[in-house]
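Student: File name work_16.cif; file contents mmCIF, C-alpha atoms; full text below.
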```
data_upload
loop_
_atom_site.group_PDB
_atom_site.id
_atom_site.type_symbol
_atom_site.label_atom_id
_atom_site.label_comp_id
_atom_site.auth_asym_id
_atom_site.auth_seq_id
_atom_site.Cartn_x
_atom_site.Cartn_y
_atom_site.Cartn_z
ATOM 1 C CA MET A 1 -57.541 -0.031 49.460
ATOM 2 C CA SER A 2 -55.584 3.212 49.552
ATOM 3 C CA GLU A 3 -56.476 4.224 53.112
ATOM 4 C CA ALA A 4 -55.516 2.284 56.210
ATOM 5 C CA GLY A 5 -58.619 0.376 57.250
ATOM 6 C CA SER A 6 -59.939 -1.987 59.884
ATOM 7 C CA SER A 7 -61.902 -5.039 58.980
ATOM 8 C CA PHE A 8 -63.409 -8.174 60.439
ATOM 9 C CA VAL A 9 -64.147 -11.262 58.393
ATOM 10 C CA TYR A 10 -66.178 -14.230 59.619
ATOM 11 C CA VAL A 11 -66.896 -17.422 57.696
ATOM 12 C CA THR A 12 -69.380 -20.083 58.718
ATOM 13 C CA TYR A 13 -70.859 -23.075 56.926
ATOM 14 C CA ILE A 14 -74.551 -23.756 57.505
ATOM 15 C CA ARG A 15 -76.575 -26.770 56.398
ATOM 16 C CA THR A 16 -79.403 -24.920 54.655
ATOM 17 C CA THR A 17 -80.217 -23.443 51.262
ATOM 18 C CA PRO A 18 -79.196 -19.967 50.047
ATOM 19 C CA GLU A 19 -82.909 -19.053 49.968
ATOM 20 C CA ARG A 20 -83.516 -20.033 53.614
ATOM 21 C CA LEU A 21 -80.333 -18.377 54.781
ATOM 22 C CA TRP A 22 -81.200 -15.164 52.946
ATOM 23 C CA GLN A 23 -84.678 -15.203 54.454
ATOM 24 C CA ALA A 24 -83.246 -15.614 57.949
ATOM 25 C CA LEU A 25 -80.791 -12.737 57.448
ATOM 26 C CA ILE A 26 -83.538 -10.383 56.222
ATOM 27 C CA GLU A 27 -86.869 -11.220 57.851
ATOM 28 C CA PRO A 28 -87.949 -9.973 61.304
ATOM 29 C CA GLU A 29 -89.449 -13.300 62.443
ATOM 30 C CA PHE A 30 -85.965 -14.763 62.135
ATOM 31 C CA THR A 31 -83.710 -11.883 63.183
ATOM 32 C CA ARG A 32 -85.696 -11.505 66.420
ATOM 33 C CA GLN A 33 -84.592 -15.013 67.369
ATOM 34 C CA PHE A 34 -80.861 -14.869 66.647
ATOM 35 C CA TRP A 35 -80.031 -11.157 66.429
ATOM 36 C CA VAL A 36 -80.943 -10.129 69.971
ATOM 37 C CA ASP A 37 -84.555 -9.283 69.178
ATOM 38 C CA THR A 38 -83.802 -6.683 66.495
ATOM 39 C CA VAL A 39 -85.608 -6.160 63.207
ATOM 40 C CA GLN A 40 -84.482 -4.423 60.025
ATOM 41 C CA ASP A 41 -86.494 -1.619 58.499
ATOM 42 C CA CYS A 42 -85.692 -1.716 54.792
ATOM 43 C CA ASP A 43 -87.226 -2.079 51.303
ATOM 44 C CA TRP A 44 -84.248 -4.134 50.140
ATOM 45 C CA LYS A 45 -83.548 -2.327 46.873
ATOM 46 C CA VAL A 46 -80.356 -0.530 45.859
ATOM 47 C CA GLY A 47 -80.501 2.906 47.475
ATOM 48 C CA SER A 48 -83.080 1.879 50.108
ATOM 49 C CA SER A 49 -82.418 3.203 53.569
ATOM 50 C CA TRP A 50 -81.653 0.480 56.102
ATOM 51 C CA LYS A 51 -82.167 0.579 59.869
ATOM 52 C CA LEU A 52 -81.494 -2.036 62.525
ATOM 53 C CA MET A 53 -84.195 -1.413 65.154
ATOM 54 C CA ILE A 54 -83.721 -2.099 68.866
ATOM 55 C CA PRO A 55 -86.820 -3.487 70.670
ATOM 56 C CA ASP A 56 -87.407 -0.247 72.636
ATOM 57 C CA GLY A 57 -87.728 1.762 69.401
ATOM 58 C CA ARG A 58 -84.209 3.222 69.225
ATOM 59 C CA ILE A 59 -82.252 2.870 66.006
ATOM 60 C CA GLY A 60 -79.203 0.678 66.617
ATOM 61 C CA ASP A 61 -77.465 1.159 63.292
ATOM 62 C CA SER A 62 -78.485 2.696 59.994
ATOM 63 C CA GLY A 63 -77.311 3.124 56.437
ATOM 64 C CA GLU A 64 -78.219 2.194 52.911
ATOM 65 C CA VAL A 65 -78.370 -0.794 50.591
ATOM 66 C CA LEU A 66 -75.358 -0.425 48.287
ATOM 67 C CA GLU A 67 -75.650 -3.727 46.385
ATOM 68 C CA ILE A 68 -78.177 -6.521 46.518
ATOM 69 C CA GLU A 69 -78.384 -9.876 44.714
ATOM 70 C CA PRO A 70 -81.034 -11.902 46.553
ATOM 71 C CA HIS A 71 -79.780 -15.223 47.973
ATOM 72 C CA ARG A 72 -76.231 -14.329 47.027
ATOM 73 C CA ARG A 73 -74.850 -10.975 48.137
ATOM 74 C CA LEU A 74 -75.794 -7.925 50.143
ATOM 75 C CA VAL A 75 -73.690 -4.826 50.749
ATOM 76 C CA LEU A 76 -74.812 -2.207 53.270
ATOM 77 C CA SER A 77 -73.389 1.050 54.469
ATOM 78 C CA TRP A 78 -73.653 0.795 58.249
ATOM 79 C CA GLN A 79 -73.277 3.532 60.846
ATOM 80 C CA ASN A 80 -73.881 2.985 64.533
ATOM 81 C CA GLN A 81 -76.533 5.316 65.948
ATOM 82 C CA PHE A 82 -76.866 4.683 69.658
ATOM 83 C CA MET A 83 -73.216 4.791 70.903
ATOM 84 C CA THR A 84 -71.556 8.215 70.635
ATOM 85 C CA GLU A 85 -67.976 7.112 69.934
ATOM 86 C CA MET A 86 -68.982 4.529 67.358
ATOM 87 C CA HIS A 87 -71.428 6.921 65.722
ATOM 88 C CA ALA A 88 -68.646 9.487 65.315
ATOM 89 C CA GLU A 89 -66.615 7.027 63.224
ATOM 90 C CA GLY A 90 -69.079 7.370 60.364
ATOM 91 C CA ALA A 91 -70.211 4.704 57.949
ATOM 92 C CA SER A 92 -68.717 1.240 57.680
ATOM 93 C CA ARG A 93 -69.388 -1.259 54.906
ATOM 94 C CA MET A 94 -70.875 -4.688 55.631
ATOM 95 C CA THR A 95 -71.069 -7.490 53.065
ATOM 96 C CA TYR A 96 -72.878 -10.839 53.200
ATOM 97 C CA LEU A 97 -71.721 -13.364 50.608
ATOM 98 C CA LEU A 98 -73.657 -16.641 50.303
ATOM 99 C CA GLU A 99 -71.999 -19.472 48.352
ATOM 100 C CA PRO A 100 -73.499 -22.947 48.098
ATOM 101 C CA GLN A 101 -70.990 -25.667 48.871
ATOM 102 C CA GLY A 102 -72.416 -29.165 48.627
ATOM 103 C CA GLU A 103 -75.073 -29.567 51.289
ATOM 104 C CA MET A 104 -73.887 -26.417 53.036
ATOM 105 C CA VAL A 105 -73.956 -22.712 52.325
ATOM 106 C CA LYS A 106 -70.755 -20.826 53.042
ATOM 107 C CA LEU A 107 -71.603 -17.450 54.564
ATOM 108 C CA THR A 108 -68.838 -14.829 54.574
ATOM 109 C CA VAL A 109 -69.463 -11.635 56.525
ATOM 110 C CA THR A 110 -66.989 -8.823 55.864
ATOM 111 C CA HIS A 111 -67.277 -5.691 57.947
ATOM 112 C CA GLN A 112 -64.902 -2.875 57.077
ATOM 113 C CA ILE A 113 -64.290 0.796 57.855
ATOM 114 C CA ASN A 114 -61.734 3.251 56.453
ATOM 115 C CA ARG A 115 -60.014 3.936 59.775
ATOM 116 C CA PRO A 116 -56.875 2.231 61.114
ATOM 117 C CA VAL A 117 -58.449 1.789 64.555
ATOM 118 C CA SER A 118 -62.200 1.405 65.036
ATOM 119 C CA LYS A 119 -64.427 0.920 68.060
ATOM 120 C CA LEU A 120 -67.180 -0.239 65.711
ATOM 121 C CA ILE A 121 -65.084 -2.993 64.145
ATOM 122 C CA GLU A 122 -63.845 -3.993 67.607
ATOM 123 C CA ALA A 123 -67.449 -4.269 68.797
ATOM 124 C CA VAL A 124 -68.741 -6.210 65.797
ATOM 125 C CA SER A 125 -65.751 -8.558 66.045
ATOM 126 C CA THR A 126 -67.229 -9.928 69.256
ATOM 127 C CA GLY A 127 -70.838 -9.552 68.111
ATOM 128 C CA TRP A 128 -70.772 -11.331 64.755
ATOM 129 C CA PRO A 129 -69.437 -14.727 65.988
ATOM 130 C CA LEU A 130 -72.232 -14.910 68.577
ATOM 131 C CA ILE A 131 -75.032 -13.753 66.268
ATOM 132 C CA LEU A 132 -73.892 -15.947 63.347
ATOM 133 C CA SER A 133 -73.390 -18.992 65.597
ATOM 134 C CA SER A 134 -76.944 -18.468 66.783
ATOM 135 C CA LEU A 135 -78.198 -18.155 63.180
ATOM 136 C CA LYS A 136 -76.498 -21.467 62.335
ATOM 137 C CA SER A 137 -78.118 -23.168 65.339
ATOM 138 C CA LEU A 138 -81.517 -21.729 64.380
ATOM 139 C CA LEU A 139 -81.333 -22.994 60.792
ATOM 140 C CA GLU A 140 -79.857 -26.404 61.651
ATOM 141 C CA THR A 141 -81.753 -27.256 64.862
ATOM 142 C CA GLY A 142 -84.801 -24.972 64.911
ATOM 143 C CA ALA A 143 -83.561 -23.199 68.047
ATOM 144 C CA SER A 144 -81.344 -20.128 68.312
ATOM 145 C CA LEU A 145 -78.858 -19.724 71.188
ATOM 146 C CA GLU A 146 -80.562 -18.542 74.375
ATOM 147 C CA ALA A 147 -78.156 -15.656 74.916
ATOM 148 C CA THR A 148 -79.190 -14.068 71.604
ATOM 149 C CA ARG A 149 -82.978 -14.040 71.957
ATOM 150 C CA ARG A 150 -83.242 -10.812 73.921
ATOM 151 C CA TRP A 151 -81.630 -7.405 73.678
ATOM 152 C CA PRO A 152 -79.000 -7.220 76.452
ATOM 153 C CA GLU A 153 -80.415 -5.559 79.546
ATOM 154 C CA GLY A 154 -79.142 -2.092 80.330
ATOM 155 C CA LYS A 155 -77.702 -1.437 76.857
ATOM 156 C CA MET B 1 -36.977 -18.258 72.967
ATOM 157 C CA PRO B 2 -39.289 -17.269 70.103
ATOM 158 C CA GLU B 3 -42.442 -15.383 70.922
ATOM 159 C CA TYR B 4 -45.648 -16.775 69.430
ATOM 160 C CA LYS B 5 -48.202 -14.233 68.232
ATOM 161 C CA PRO B 6 -51.846 -15.008 67.430
ATOM 162 C CA LYS B 7 -52.384 -14.700 63.683
ATOM 163 C CA THR B 8 -55.734 -16.421 63.192
ATOM 164 C CA VAL B 9 -58.524 -16.511 65.740
ATOM 165 C CA TYR B 10 -61.900 -18.214 65.262
ATOM 166 C CA VAL B 11 -64.715 -17.967 67.781
ATOM 167 C CA THR B 12 -67.851 -20.089 67.689
ATOM 168 C CA TYR B 13 -70.680 -20.700 70.140
ATOM 169 C CA ILE B 14 -72.042 -24.218 70.428
ATOM 170 C CA ALA B 15 -75.242 -25.443 72.096
ATOM 171 C CA SER B 16 -73.478 -28.126 74.107
ATOM 172 C CA THR B 17 -71.447 -28.547 77.285
ATOM 173 C CA PRO B 18 -67.734 -27.860 77.865
ATOM 174 C CA GLU B 19 -67.194 -31.583 78.487
ATOM 175 C CA LYS B 20 -68.790 -32.573 75.169
ATOM 176 C CA VAL B 21 -66.849 -29.937 73.248
ATOM 177 C CA TRP B 22 -63.626 -31.134 74.890
ATOM 178 C CA GLU B 23 -64.451 -34.722 73.946
ATOM 179 C CA ALA B 24 -65.169 -33.733 70.340
ATOM 180 C CA LEU B 25 -61.843 -31.910 70.111
ATOM 181 C CA THR B 26 -59.768 -34.703 71.646
ATOM 182 C CA SER B 27 -61.245 -38.016 70.514
ATOM 183 C CA SER B 28 -60.870 -39.751 67.154
ATOM 184 C CA GLU B 29 -64.435 -40.960 67.098
ATOM 185 C CA PHE B 30 -65.382 -37.289 66.634
ATOM 186 C CA THR B 31 -62.444 -35.828 64.727
ATOM 187 C CA LYS B 32 -62.880 -38.431 61.988
ATOM 188 C CA LYS B 33 -66.296 -36.951 61.310
ATOM 189 C CA TYR B 34 -65.626 -33.193 61.257
ATOM 190 C CA PHE B 35 -61.845 -32.773 60.899
ATOM 191 C CA TRP B 36 -61.991 -34.174 57.382
ATOM 192 C CA ASP B 37 -61.128 -37.817 57.968
ATOM 193 C CA LEU B 38 -58.279 -37.248 60.383
ATOM 194 C CA SER B 39 -57.916 -39.255 63.593
ATOM 195 C CA ILE B 40 -56.443 -37.520 66.616
ATOM 196 C CA GLU B 41 -53.863 -39.152 68.860
ATOM 197 C CA LEU B 42 -53.331 -37.383 72.128
ATOM 198 C CA GLU B 43 -51.389 -38.398 75.213
ATOM 199 C CA PRO B 44 -53.581 -36.728 77.843
ATOM 200 C CA LYS B 45 -50.917 -34.725 79.727
ATOM 201 C CA LEU B 46 -48.532 -31.802 79.490
ATOM 202 C CA GLY B 47 -45.684 -32.875 77.214
ATOM 203 C CA GLY B 48 -47.821 -35.651 75.730
ATOM 204 C CA ALA B 49 -47.515 -36.593 72.069
ATOM 205 C CA PHE B 50 -50.098 -35.285 69.626
ATOM 206 C CA ALA B 51 -50.834 -36.292 66.036
ATOM 207 C CA LEU B 52 -53.539 -36.022 63.415
ATOM 208 C CA ARG B 53 -53.444 -39.052 61.130
ATOM 209 C CA LEU B 54 -54.869 -39.828 57.726
ATOM 210 C CA PRO B 55 -56.852 -43.077 57.371
ATOM 211 C CA ASP B 56 -53.735 -44.892 56.139
ATOM 212 C CA GLY B 57 -51.874 -43.974 59.330
ATOM 213 C CA THR B 58 -49.668 -41.229 57.859
ATOM 214 C CA ALA B 59 -49.236 -38.281 60.177
ATOM 215 C CA HIS B 60 -50.706 -35.119 58.685
ATOM 216 C CA VAL B 61 -49.729 -33.047 61.738
ATOM 217 C CA GLN B 62 -47.511 -33.855 64.707
ATOM 218 C CA GLY B 63 -46.708 -32.056 67.925
ATOM 219 C CA THR B 64 -46.694 -31.922 71.687
ATOM 220 C CA VAL B 65 -49.242 -30.903 74.297
ATOM 221 C CA ILE B 66 -48.169 -27.586 75.847
ATOM 222 C CA ALA B 67 -51.345 -26.782 77.811
ATOM 223 C CA TRP B 68 -53.732 -29.358 79.272
ATOM 224 C CA ASP B 69 -56.633 -28.191 81.434
ATOM 225 C CA PRO B 70 -59.779 -30.220 80.665
ATOM 226 C CA PRO B 71 -62.363 -29.094 79.797
ATOM 227 C CA ARG B 72 -61.102 -25.470 79.577
ATOM 228 C CA LYS B 73 -57.883 -25.274 77.641
ATOM 229 C CA LEU B 74 -55.838 -27.385 75.281
ATOM 230 C CA ALA B 75 -52.771 -26.194 73.404
ATOM 231 C CA VAL B 76 -50.490 -28.144 71.099
ATOM 232 C CA THR B 77 -47.469 -27.455 68.974
ATOM 233 C CA TRP B 78 -48.446 -28.042 65.356
ATOM 234 C CA GLN B 79 -45.933 -29.261 62.803
ATOM 235 C CA VAL B 80 -47.434 -30.055 59.422
ATOM 236 C CA GLN B 81 -46.028 -33.275 57.934
ATOM 237 C CA TRP B 82 -47.926 -33.540 54.679
ATOM 238 C CA PRO B 83 -47.773 -32.453 51.885
ATOM 239 C CA GLU B 84 -44.017 -32.928 52.110
ATOM 240 C CA ASP B 85 -43.217 -29.365 51.100
ATOM 241 C CA PHE B 86 -45.112 -28.104 54.148
ATOM 242 C CA ARG B 87 -42.590 -29.761 56.479
ATOM 243 C CA LYS B 88 -40.201 -26.848 56.060
ATOM 244 C CA LEU B 89 -42.648 -24.581 57.878
ATOM 245 C CA PRO B 90 -41.688 -23.710 61.453
ATOM 246 C CA GLU B 91 -44.099 -25.279 63.915
ATOM 247 C CA CYS B 92 -46.993 -23.146 65.010
ATOM 248 C CA ARG B 93 -49.273 -23.414 68.019
ATOM 249 C CA VAL B 94 -52.956 -24.176 68.186
ATOM 250 C CA THR B 95 -54.887 -23.316 71.320
ATOM 251 C CA TYR B 96 -58.488 -24.211 72.112
ATOM 252 C CA GLU B 97 -60.234 -22.344 74.914
ATOM 253 C CA ILE B 98 -63.645 -23.519 76.078
ATOM 254 C CA ALA B 99 -65.904 -21.469 78.341
ATOM 255 C CA PRO B 100 -69.580 -21.591 79.287
ATOM 256 C CA ALA B 101 -71.623 -18.812 77.606
ATOM 257 C CA GLY B 102 -75.178 -18.769 78.921
ATOM 258 C CA ASP B 103 -76.547 -22.217 78.163
ATOM 259 C CA ALA B 104 -74.031 -22.642 75.334
ATOM 260 C CA VAL B 105 -70.257 -22.947 75.078
ATOM 261 C CA ARG B 106 -67.847 -20.451 73.566
ATOM 262 C CA LEU B 107 -64.938 -22.073 71.752
ATOM 263 C CA ILE B 108 -61.950 -19.933 70.742
ATOM 264 C CA MET B 109 -59.337 -21.408 68.421
ATOM 265 C CA THR B 110 -56.090 -19.452 68.163
ATOM 266 C CA GLU B 111 -53.361 -20.228 65.672
ATOM 267 C CA SER B 112 -50.075 -18.586 66.736
ATOM 268 C CA HIS B 113 -46.779 -18.211 64.906
ATOM 269 C CA SER B 114 -43.263 -17.269 65.964
ATOM 270 C CA TRP B 115 -42.224 -15.635 62.705
ATOM 271 C CA ASP B 116 -43.456 -13.080 60.208
ATOM 272 C CA VAL B 117 -45.569 -15.647 58.359
ATOM 273 C CA PRO B 118 -46.853 -14.366 54.987
ATOM 274 C CA GLU B 119 -50.601 -13.915 54.491
ATOM 275 C CA ALA B 120 -50.505 -16.473 51.656
ATOM 276 C CA ILE B 121 -49.403 -19.139 54.122
ATOM 277 C CA LEU B 122 -51.952 -18.050 56.759
ATOM 278 C CA SER B 123 -54.639 -18.402 54.083
ATOM 279 C CA GLY B 124 -54.651 -22.182 54.636
ATOM 280 C CA GLY B 125 -55.758 -21.902 58.233
ATOM 281 C CA ARG B 126 -58.136 -19.087 57.426
ATOM 282 C CA MET B 127 -59.824 -21.348 54.893
ATOM 283 C CA GLY B 128 -59.704 -24.523 56.954
ATOM 284 C CA TRP B 129 -60.611 -23.557 60.518
ATOM 285 C CA PRO B 130 -64.091 -22.136 59.777
ATOM 286 C CA ALA B 131 -64.939 -25.332 57.892
ATOM 287 C CA VAL B 132 -63.590 -27.658 60.598
ATOM 288 C CA LEU B 133 -65.213 -25.769 63.487
ATOM 289 C CA SER B 134 -68.528 -25.299 61.639
ATOM 290 C CA GLY B 135 -68.463 -29.073 61.192
ATOM 291 C CA LEU B 136 -67.754 -29.618 64.890
ATOM 292 C CA LYS B 137 -70.697 -27.389 65.806
ATOM 293 C CA SER B 138 -73.064 -29.179 63.404
ATOM 294 C CA LEU B 139 -71.915 -32.576 64.722
ATOM 295 C CA LEU B 140 -72.541 -31.672 68.361
ATOM 296 C CA GLU B 141 -75.840 -29.891 67.707
ATOM 297 C CA THR B 142 -77.400 -32.153 65.053
ATOM 298 C CA GLY B 143 -75.452 -35.412 65.179
ATOM 299 C CA LYS B 144 -74.328 -34.898 61.587
ATOM 300 C CA ALA B 145 -71.122 -33.380 60.297
ATOM 301 C CA PRO B 146 -71.023 -31.953 56.790
ATOM 302 C CA ALA B 147 -68.576 -33.105 54.162
ATOM 303 C CA ILE B 148 -66.799 -29.892 53.245
ATOM 304 C CA LYS B 149 -64.040 -30.839 50.860
ATOM 305 C CA MET B 150 -61.083 -28.557 50.422
ATOM 306 C CA GLU B 151 -57.511 -28.478 49.191
ATOM 307 C CA PRO B 152 -54.837 -26.150 50.543
ATOM 308 C CA PRO B 153 -55.218 -22.789 48.775
ATOM 309 C CA LYS B 154 -53.078 -22.443 45.641
ATOM 310 C CA GLU B 155 -51.424 -19.302 46.998
ATOM 311 C CA MET B 156 -50.368 -21.239 50.110
ATOM 312 C CA ILE B 157 -48.820 -24.055 48.074
ATOM 313 C CA GLU B 158 -46.970 -21.542 45.892
ATOM 314 C CA ALA B 159 -45.742 -19.517 48.854
ATOM 315 C CA ILE B 160 -44.413 -22.580 50.657
ATOM 316 C CA LYS B 161 -42.751 -23.860 47.485
ATOM 317 C CA SER B 162 -40.756 -20.652 47.124
ATOM 318 C CA LEU B 163 -40.073 -20.247 50.840
ATOM 319 C CA LYS B 164 -36.445 -20.029 51.850
ATOM 320 C CA LEU B 165 -35.852 -20.195 55.583
#
```
Show me this structure written as structure tokens.

Tutor:
Amino acid sequence: MSEAGSSFVYVTYIRTTPERLWQALIEPEFTRQFWVDTVQDCDWKVGSSWKLMIPDGRIGDSGEVLEIEPHRRLVLSWQNQFMTEMHAEGASRMTYLLEPQGEMVKLTVTHQINRPVSKLIEAVSTGWPLILSSLKSLLETGASLEATRRWPEGK
Amino acid sequence: MPEYKPKTVYVTYIASTPEKVWEALTSSEFTKKYFWDLSIELEPKLGGAFALRLPDGTAHVQGTVIAWDPPRKLAVTWQVQWPEDFRKLPECRVTYEIAPAGDAVRLIMTESHSWDVPEAILSGGRMGWPAVLSGLKSLLETGKAPAIKMEPPKEMIEAIKSLKL
């Protein structure tokens, strides 16, 4: 990378299949449970617009599908919409990589922006571990973490 | 005195209690299941001896307890003993912080170093910790820990081989 950038990388191993994990990352009936009651508005093809919708109808983040290989890899451009400072930073790039490893799937989330300091990356650095921990609990136990089932009040 | 800086941080949230997470981190009955097949030895006090042992009794890691506050905080010095080449590495520090988070527990693991450790050498921890702590979470939430096999990354082995300190 030629420009100074900020990035956050998170790896987790989940006892599931790539197909189930992919489904949980994409489909509203799952994301509502582990991703603080949000749903994604997207056709899931290269070039499709992508929106992460907050329960009250606001757009949380939006962008575009840059690359998609179902059950394996997704790359999105991702710009925050509802927080002024983060919105002003422009588009970041978020990648999901799913790699089967024995009875587990290794999920690597890489979230990157071409800025040396970023409020967005700082924010997602605390968000991703909670959301992805909840996703793992949902897929392995049938229940997501309580703290991630509702959009935080007042936000 | 050298200053230790956090180089690798891993945060996970576990549907369990602080006491159970503490037990899983500090007792062999648990570590043998998620920390590959390593048994932990821990003298439960500040200054106490700490080791992670392979099934044949060889110490894989040795150190000392430098923070002991059950069930909130545990910190140890961490000197790798095996493979032999890894012994030349300065000791690092591993800190576990446990806090309630709603009806779950937030666990933060911090690996800190006192020197300008190359990324290639940090790659070992960056590969290992997510696997170990994912295993811990699965064990506490489902009763089963996965078998995630791994070897130290090639770049780490190479970097340590050519390290001159």

Student: Starting from chain B, keep only residues with some atom at most 9 Å from an atom of chain A, counting all atoms listed in the file, and report them as an MDAnalysis selection string.

Tutor: chainID B and resid 10:15 101:104 106 126:127 130:131 133:135 137:138 141:142 146:149

Student: Determine, counting only C-alpha atoms, which protein, DNA and RNA residues have an atom within 10 Å of an atom of segment 153-165 of chain B; residues of the same chain fewer than 2 positions away are not included. Present the result as a list in words.

Tutor: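 With the cut-off at 10 Å, the set is Pro83, Asp85, Phe86, Arg87, Lys88, Leu89, Pro90, Pro118, Glu119, Ala120, Ile121, Leu122, Ser123, Gly124, Gly125, Arg126, Met127, Gly128, Met150 and Glu151 of chain B.
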
Student: Now that the selection is made, can you save its residues with C-alpha atoms as a CSV table (one decimal), in the coordinates of the input?

Tutor:
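Output below, filename result-v8.csv:
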```csv
chain,number,residue,atom,x,y,z
B,83,PRO,CA,-47.8,-32.5,51.9
B,85,ASP,CA,-43.2,-29.4,51.1
B,86,PHE,CA,-45.1,-28.1,54.1
B,87,ARG,CA,-42.6,-29.8,56.5
B,88,LYS,CA,-40.2,-26.8,56.1
B,89,LEU,CA,-42.6,-24.6,57.9
B,90,PRO,CA,-41.7,-23.7,61.5
B,118,PRO,CA,-46.9,-14.4,55.0
B,119,GLU,CA,-50.6,-13.9,54.5
B,120,ALA,CA,-50.5,-16.5,51.7
B,121,ILE,CA,-49.4,-19.1,54.1
B,122,LEU,CA,-52.0,-18.0,56.8
B,123,SER,CA,-54.6,-18.4,54.1
B,124,GLY,CA,-54.7,-22.2,54.6
B,125,GLY,CA,-55.8,-21.9,58.2
B,126,ARG,CA,-58.1,-19.1,57.4
B,127,MET,CA,-59.8,-21.3,54.9
B,128,GLY,CA,-59.7,-24.5,57.0
B,150,MET,CA,-61.1,-28.6,50.4
B,151,GLU,CA,-57.5,-28.5,49.2
```

Student: Enclose the full set of atoms of segment 122-136 of chain B listed in the file within a box whose edges lie along x, y and z, apply 4 Å of padding to each of the six sides, and report centre and edge lengths in Å to one decimal as JSON.

Tutor:
```
{"center_x": -60.2, "center_y": -23.8, "center_z": 59.5, "size_x": 24.6, "size_y": 19.6, "size_z": 18.8}
```

Student: Given the file shown, enumerate the residues that the PyMOL selection byres ((chain A and resi 63) around 7) captures and present them as a list of chain:residue names.

Tutor: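 What the PyMOL selection byres ((chain A and resi 63) around 7) grabs from the file is A:Ser49, A:Trp50, A:Lys51, A:Ser62, A:Glu64, A:Leu76, A:Ser77, A:Trp78, A:Gln79.
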
Student: To one decimal place, how far is atom CA of Pro44 of chain B from atom CA of Tyr4 of chain B in Å?

Tutor: 23.1 Å

Student: Tell me, in Å to one decimal, how far atom CA of Ser114 of chain B is from atom CA of Lys5 of chain B.

Tutor: 6.2 Å

Student: Taking the file as I've supplied it (selection: the PyMOL selection byres ((chain B and resi 56-72) around 10)), which residues are included? Please answer as a PyMOL selection string.

Tutor: chain B and resi 17-23+38-55+73-84+87+91-100+107

Student: Between atom CA of Asn114 of chain A and atom CA of His71 of chain A, measure the distance and give it in Å to one decimal.

Tutor: 27.2 Å

Student: Closest to Asn80 of chain A among A:Glu29, A:Glu122, A:Glu153, A:Asp61, using all atoms listed in the file?

Tutor: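 Closest candidate: A:Asp61.
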
Student: Of the residues A:Leu107, A:Leu74, A:Val36, A:Leu66, which is the one nearest to Ser48 of chain A, using all atoms listed in the file?

Tutor: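 Using all atoms listed in the file, Ser48 of chain A sits closest to A:Leu66.
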
Student: Name the residues in contact with Gln112 of chain A at a cut-off of 6 Å, using only C-alpha atoms, excluding same-chain residues fewer than 3 positions from it; report them as a PyMOL selection string.

Tutor: chain A and resi 6-7+92-93
